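Student: Dumping the structure here so I can ask a few things about it.
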Amino acid sequence: MRICMVLEGSYPFVHGGVSSWMHGVISRTPENEYVLWAIGAHEEDRGKYAYDLPKNVTEVHECFLDTPLRDKESFGGGQRHLGLSDDQLEALGQLVACDDPDWGALINLFQGGFDARDVLMSEDYLRMVVEVCRERYPHTPFAQMFHTSRSMLLPVLYLLGRPIPQADVYHTVCTGYGGVLASMGHIVTGKPLILSEHGIYSREREEELIRADWVQATFKRRWIRFFYMLSNLCYANSAAITSLFDGARGTQVELGADPARCHVVRNGVNYERFAAVPPKAPEDHVVIGAVIRLAPIKDVKTMIYAFYELSQRLGPDAVELHILGDTDDEEYGQECRDLVTGLDMHNLFFDGHVDTVEYMRTFDFTILSSISEGQPLCVLESLAAGRPAVTTDVGSCRELLEGAPGDTFGRAGIVVPPMDRKSFADAMETMCRNSRLRVQMGEAGKRRVERYYRVDTMMEGYHQVYEDVMSAYAEGRGIGAIRHGGAGGIASSVVGSTEG
């Protein structure tokens, strides 16, 4: 099978949870041929991969969202009128208004040779922005509306003009820009589309936009509406939609995904590799690990402040923290390092991308401070190694640490509210002061991962999704025929129920 994996801001450019998952899936299915259709932020990253690609990756098609901005002169002119059909003009107007456009008409337009920059400098586009501004933003300066709209739409219109790799199936790991490419592949070729969300993309963008300084308050709701519009496109065209836990599946359905196409396939880790990490003998000096990217959504600053408070309580010689992971936001990463310097902390270390298993030998427990997650592999790896965790109450973290209904293994860590540094410090202090509790929780987490979160079980789940989707398309039944009865289908029959 020739599979086109559509990726955004992840594999193969950076390390991280989604990238690690993707590399593992490809490596474990040598019988499949993979084509990567990868979206990055900056053209300067072209060809700079964080991974050695497996041999069954036969093509890589790279798209960078700043590419259309590099030729500044292209925005100096533009056609007065584009000569579009009424359907195309209507679809473009709907896109400008973020009103779920006729994507087929837009795809035909840009696959037919129209350039995104010419469209955005035309009088037709100008008229559409004027109409939206008058109707929805009558008290906002037009120049602000014009530039906001153009910066919002340019990446999408640019992506709609990209050449489409040939494949038997298009599999995207997110909605958003990746969902646009995958949906275009499906619409143009007629081949099926599969969506696997590790986090709910539109909700994550909403959370980021609410706190963002670069977006004017007037336009935050518009940006949020824009990303939900992109999600609607991907949900509508996906033959199968997977998530990592029941709560995420419920959110997808709430956002408009067809329940009959939505399935739960839990994450899995190489249990044997991490379970081989020996237990750590309790010591007075406690070592804490955090396997995270330095990115705002991981809320590393709250982690730093909470650890600073912990150090004040216990003494800086009694505890140390190692942060393992890459920096995918250089400005934010530097802010985190500057914060540590400003607090004069000498027991917090940024170790970068390292061998997690080797470091896990030295850890007493791990922490995660994210404001949004799916089903974090770093927590599963920690539990598999017998190391309990302190996490924020996001994604499926509570389920991982406390168990789903019917799971009798017991608590494997402590869950705290997001962005609450005192609660985070309190939980870490509880862990540090009670070695017996750490051992008990570590054993519970290890048994939970062994039972429910093994990589082989995960791979069986995705294999079943592919088999069902391809069978339906081979028989000419298409999207509407992929009906497993929601969470009772693949979730229970392949991955297994959560009864202990």
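We label chains A, B, ... in the order they appear in the structure tokens, count residues from 1 in each chain, and number ligands from 1 in the order shown.
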For Glu59 of chain A, find every residue with an atom within 9 Å (counting only C-alpha atoms), except residues of its own chain fewer than 6 positions away, and show them as a ChimeraX atom specification.
Tutor: /A:34-37,165
Student: Fewer than 2 positions away in the same chain doesn't count, so skip those; otherwise give me all residues within 8 Å of Pro279 of chain A, counting only C-alpha atoms, as a PDB file with C-alpha atoms, in the first residue's frame.
Tutor:
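Result file follows (selection.pdb):
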```pdb
ATOM      1  CA  VAL A 277      14.913   0.142  33.432  1.00  0.00           C
ATOM      2  CA  ALA A 281      16.761   2.922  45.298  1.00  0.00           C
ATOM      3  CA  ARG A 361      17.430   5.293  35.192  1.00  0.00           C
ATOM      4  CA  GLY A 386       8.062   2.284  36.846  1.00  0.00           C
TER       5      GLY A 386
END
```
Student: Determine, counting only C-alpha atoms, which protein, DNA and RNA residues have an atom within 6 Å of an atom of Thr172 of chain A; residues of the same chain fewer than 5 positions away are not included. Present the result as a list of chain:residue names.
Tutor: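 The contact residues come out as A:Met5, A:Val6, A:Leu195.
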Student: Can you work out the spacing between atom CA of Val253 of chain A and atom CA of Tyr201 of chain A in Å, to one decimal?
Tutor: 13.7 Å
Student: What's the separation between atom CA of Tyr11 of chain A and atom CA of Leu53 of chain A, in Å to one decimal place?
Tutor: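 Value for the atom CA of Tyr11 of chain A-atom CA of Leu53 of chain A distance: 9.9 Å.
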Student: One decimal, Å: what's the distance from atom CA of Lys55 of chain A over to atom CA of Cys4 of chain A, could you say?
Tutor: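 Between atom CA of Lys55 of chain A and atom CA of Cys4 of chain A the gap is 14.9 Å.
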Student: Taking only residues of segment 151-180 of chain A that have an atom at most 12 Å from an atom of segment 85-104 of chain A, what is each one's shortest atom pair and its distance in Å to one decimal, using only C-alpha atoms, in chain and number order, as CSV?
Tutor:
```
residue,atom,partner,partner_atom,distance
A:Ser151,CA,A:Val96,CA,11.4
A:Met152,CA,A:Val96,CA,9.2
A:Leu153,CA,A:Val96,CA,7.6
A:Leu154,CA,A:Val96,CA,10.9
A:Val156,CA,A:Leu95,CA,10.0
A:Leu157,CA,A:Leu95,CA,10.0
A:Leu160,CA,A:Trp103,CA,9.6
A:Val180,CA,A:Trp103,CA,9.3
```
Student: Let me see the file: selected residues, all heavy atoms, as a short mmCIF file (atom, residue, chain, number, x, y, z; two decimals), in the first residue's frame.
Tutor:
```cif
data_model
loop_
_atom_site.label_atom_id
_atom_site.label_comp_id
_atom_site.auth_asym_id
_atom_site.auth_seq_id
_atom_site.Cartn_x
_atom_site.Cartn_y
_atom_site.Cartn_z
N SER A 151 -3.16 37.71 5.72
CA SER A 151 -2.22 36.82 6.41
C SER A 151 -2.89 35.51 6.81
O SER A 151 -2.25 34.47 6.88
CB SER A 151 -1.66 37.52 7.65
OG SER A 151 -2.68 37.81 8.59
N MET A 152 -4.19 35.55 7.02
CA MET A 152 -4.95 34.36 7.37
C MET A 152 -5.11 33.43 6.18
O MET A 152 -4.93 32.21 6.29
CB MET A 152 -6.33 34.77 7.90
CG MET A 152 -7.25 33.64 8.30
SD MET A 152 -8.87 34.28 8.80
CE MET A 152 -8.44 35.13 10.30
N LEU A 153 -5.41 33.99 5.02
CA LEU A 153 -5.77 33.18 3.86
C LEU A 153 -4.58 32.78 2.98
O LEU A 153 -4.65 31.77 2.28
CB LEU A 153 -6.79 33.94 3.00
CG LEU A 153 -8.14 34.24 3.66
CD1 LEU A 153 -9.06 34.94 2.68
CD2 LEU A 153 -8.78 32.98 4.20
N LEU A 154 -3.49 33.55 3.02
CA LEU A 154 -2.38 33.26 2.12
C LEU A 154 -1.85 31.83 2.27
O LEU A 154 -1.66 31.15 1.25
CB LEU A 154 -1.26 34.28 2.34
CG LEU A 154 0.00 34.08 1.47
CD1 LEU A 154 -0.35 34.12 -0.01
CD2 LEU A 154 1.06 35.13 1.81
N VAL A 156 -3.36 29.10 3.20
CA VAL A 156 -4.33 28.14 2.70
C VAL A 156 -4.37 28.17 1.17
O VAL A 156 -4.35 27.12 0.51
CB VAL A 156 -5.72 28.42 3.28
CG1 VAL A 156 -6.78 27.55 2.60
CG2 VAL A 156 -5.73 28.16 4.78
N LEU A 157 -4.43 29.35 0.58
CA LEU A 157 -4.49 29.45 -0.87
C LEU A 157 -3.20 28.95 -1.52
O LEU A 157 -3.23 28.34 -2.59
CB LEU A 157 -4.77 30.90 -1.28
CG LEU A 157 -6.07 31.52 -0.74
CD1 LEU A 157 -6.31 32.89 -1.35
CD2 LEU A 157 -7.27 30.61 -1.00
N LEU A 160 -3.38 25.15 -1.51
CA LEU A 160 -4.33 24.62 -2.49
C LEU A 160 -3.73 24.54 -3.89
O LEU A 160 -4.26 23.84 -4.76
CB LEU A 160 -5.60 25.49 -2.53
CG LEU A 160 -6.50 25.43 -1.31
CD1 LEU A 160 -7.69 26.38 -1.48
CD2 LEU A 160 -7.00 24.01 -1.06
N VAL A 180 -6.18 20.45 5.19
CA VAL A 180 -6.46 21.03 3.88
C VAL A 180 -5.77 20.22 2.79
O VAL A 180 -6.39 19.85 1.78
CB VAL A 180 -6.00 22.50 3.83
CG1 VAL A 180 -6.06 23.04 2.40
CG2 VAL A 180 -6.87 23.36 4.74
#
```
Student: So which bits of segment 65-229 of chain A end up helix (DSSP H, G or I) when you DSSP the backbone, as a VMD selection string?
Tutor: chain A and resid 67 to 69 72 to 75 86 to 96 103 to 111 116 to 120 123 to 136 142 to 159 176 to 189 201 to 211 217 to 229
Student: Hey, what's within 9 Å of Val188 of chain A if we count only C-alpha atoms and toss same-chain stuff fewer than 3 positions away? As a list in words, please?
Tutor: Gly104, Ile107, Asn108, Ile164, Ser183, Met184, Gly185 and Lys191 of chain A
Student: Only all heavy atoms, please: the residues just picked out, written as a short mmCIF file (atom, residue, chain, number, x, y, z; two decimals), in the first residue's frame.
Tutor:
```
data_model
loop_
_atom_site.label_atom_id
_atom_site.label_comp_id
_atom_site.auth_asym_id
_atom_site.auth_seq_id
_atom_site.Cartn_x
_atom_site.Cartn_y
_atom_site.Cartn_z
N GLY A 104 -14.37 22.34 -3.23
CA GLY A 104 -14.11 21.79 -4.55
C GLY A 104 -13.87 22.87 -5.58
O GLY A 104 -12.96 22.77 -6.42
N ILE A 107 -10.39 24.39 -4.89
CA ILE A 107 -9.33 23.48 -5.31
C ILE A 107 -9.17 23.51 -6.82
O ILE A 107 -8.04 23.59 -7.35
CB ILE A 107 -9.61 22.05 -4.81
CG1 ILE A 107 -9.46 21.99 -3.29
CG2 ILE A 107 -8.69 21.04 -5.48
CD1 ILE A 107 -9.97 20.71 -2.67
N ASN A 108 -10.26 23.48 -7.55
CA ASN A 108 -10.19 23.56 -9.01
C ASN A 108 -9.54 24.87 -9.46
O ASN A 108 -8.77 24.90 -10.43
CB ASN A 108 -11.60 23.45 -9.61
CG ASN A 108 -12.15 22.05 -9.51
OD1 ASN A 108 -11.39 21.08 -9.43
ND2 ASN A 108 -13.47 21.91 -9.51
N ILE A 164 -0.11 17.40 -6.00
CA ILE A 164 -0.64 16.36 -5.11
C ILE A 164 0.13 15.05 -5.34
O ILE A 164 0.09 14.50 -6.45
CB ILE A 164 -2.14 16.15 -5.36
CG1 ILE A 164 -2.89 17.46 -5.12
CG2 ILE A 164 -2.68 15.03 -4.46
CD1 ILE A 164 -4.35 17.40 -5.53
N SER A 183 -7.38 16.68 2.54
CA SER A 183 -8.70 16.75 1.94
C SER A 183 -8.60 17.01 0.44
O SER A 183 -9.36 16.44 -0.36
CB SER A 183 -9.53 17.86 2.60
OG SER A 183 -9.74 17.58 3.97
N MET A 184 -7.67 17.85 0.04
CA MET A 184 -7.46 18.11 -1.38
C MET A 184 -7.03 16.83 -2.09
O MET A 184 -7.50 16.53 -3.19
CB MET A 184 -6.42 19.21 -1.55
CG MET A 184 -6.15 19.58 -3.01
SD MET A 184 -5.14 21.08 -3.16
CE MET A 184 -3.54 20.47 -2.58
N GLY A 185 -6.13 16.07 -1.46
CA GLY A 185 -5.72 14.80 -2.05
C GLY A 185 -6.89 13.88 -2.27
O GLY A 185 -7.04 13.25 -3.33
N LYS A 191 -9.20 9.06 -3.67
CA LYS A 191 -8.67 8.08 -2.73
C LYS A 191 -9.10 8.44 -1.30
O LYS A 191 -9.32 9.61 -0.99
CB LYS A 191 -7.14 8.02 -2.81
CG LYS A 191 -6.61 7.64 -4.20
CD LYS A 191 -7.05 6.24 -4.60
CE LYS A 191 -6.43 5.83 -5.94
NZ LYS A 191 -6.83 4.48 -6.35
#
```
Student: Identify, on the basis of only C-alpha atoms, every residue whose closest approach to segment 324-338 of chain A does not exceed 7 Å; exclude the query and any residue fewer than 6 positions from it along the same chain; express the result as a VMD selection string.
Tutor: chain A and resid 15 290 to 296 301 350 to 354
Student: Kindly save the residues from that selection, with N, CA and C atoms included, as an mmCIF file, in the first residue's frame.
Tutor:
```
data_model
loop_
_atom_site.group_PDB
_atom_site.id
_atom_site.type_symbol
_atom_site.label_atom_id
_atom_site.label_comp_id
_atom_site.auth_asym_id
_atom_site.auth_seq_id
_atom_site.Cartn_x
_atom_site.Cartn_y
_atom_site.Cartn_z
ATOM 1 N N HIS A 15 11.718 16.577 16.750
ATOM 2 C CA HIS A 15 11.381 15.485 17.630
ATOM 3 C C HIS A 15 10.129 15.856 18.427
ATOM 4 N N ALA A 290 11.636 15.776 33.031
ATOM 5 C CA ALA A 290 10.543 16.310 32.211
ATOM 6 C C ALA A 290 10.931 16.124 30.749
ATOM 7 N N VAL A 291 10.233 15.247 30.043
ATOM 8 C CA VAL A 291 10.528 14.980 28.639
ATOM 9 C C VAL A 291 9.541 15.785 27.810
ATOM 10 N N ILE A 292 9.934 16.975 27.394
ATOM 11 C CA ILE A 292 9.027 17.908 26.722
ATOM 12 C C ILE A 292 9.785 18.754 25.705
ATOM 13 N N ARG A 293 9.053 19.246 24.717
ATOM 14 C CA ARG A 293 9.576 20.282 23.838
ATOM 15 C C ARG A 293 9.457 21.629 24.545
ATOM 16 N N LEU A 294 10.387 22.528 24.281
ATOM 17 C CA LEU A 294 10.279 23.872 24.837
ATOM 18 C C LEU A 294 9.346 24.669 23.936
ATOM 19 N N ALA A 295 8.069 24.618 24.259
ATOM 20 C CA ALA A 295 7.032 25.264 23.458
ATOM 21 C C ALA A 295 5.975 25.831 24.399
ATOM 22 N N PRO A 296 5.324 26.933 24.028
ATOM 23 C CA PRO A 296 4.334 27.552 24.916
ATOM 24 C C PRO A 296 3.239 26.603 25.368
ATOM 25 N N LYS A 301 7.239 27.503 31.605
ATOM 26 C CA LYS A 301 7.479 28.553 32.597
ATOM 27 C C LYS A 301 6.788 28.244 33.924
ATOM 28 N N PHE A 350 18.833 21.988 31.294
ATOM 29 C CA PHE A 350 18.262 21.767 29.968
ATOM 30 C C PHE A 350 19.201 20.820 29.221
ATOM 31 N N ASP A 351 18.830 19.570 29.112
ATOM 32 C CA ASP A 351 19.721 18.560 28.551
ATOM 33 C C ASP A 351 19.504 18.317 27.065
ATOM 34 N N GLY A 352 18.447 18.870 26.480
ATOM 35 C CA GLY A 352 18.211 18.698 25.056
ATOM 36 C C GLY A 352 17.710 17.312 24.713
ATOM 37 N N HIS A 353 17.855 16.962 23.438
ATOM 38 C CA HIS A 353 17.377 15.664 22.958
ATOM 39 C C HIS A 353 18.418 14.606 23.287
ATOM 40 N N VAL A 354 18.059 13.677 24.174
ATOM 41 C CA VAL A 354 18.990 12.653 24.658
ATOM 42 C C VAL A 354 18.289 11.301 24.661
#
```
Student: So, counting only C-alpha atoms, which residue among A:Val269, A:Met345, A:Met22, A:Val132 is closest to Met145 of chain A?
Tutor: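 The shortest atom-to-atom distance to Met145 of chain A comes from A:Val132.
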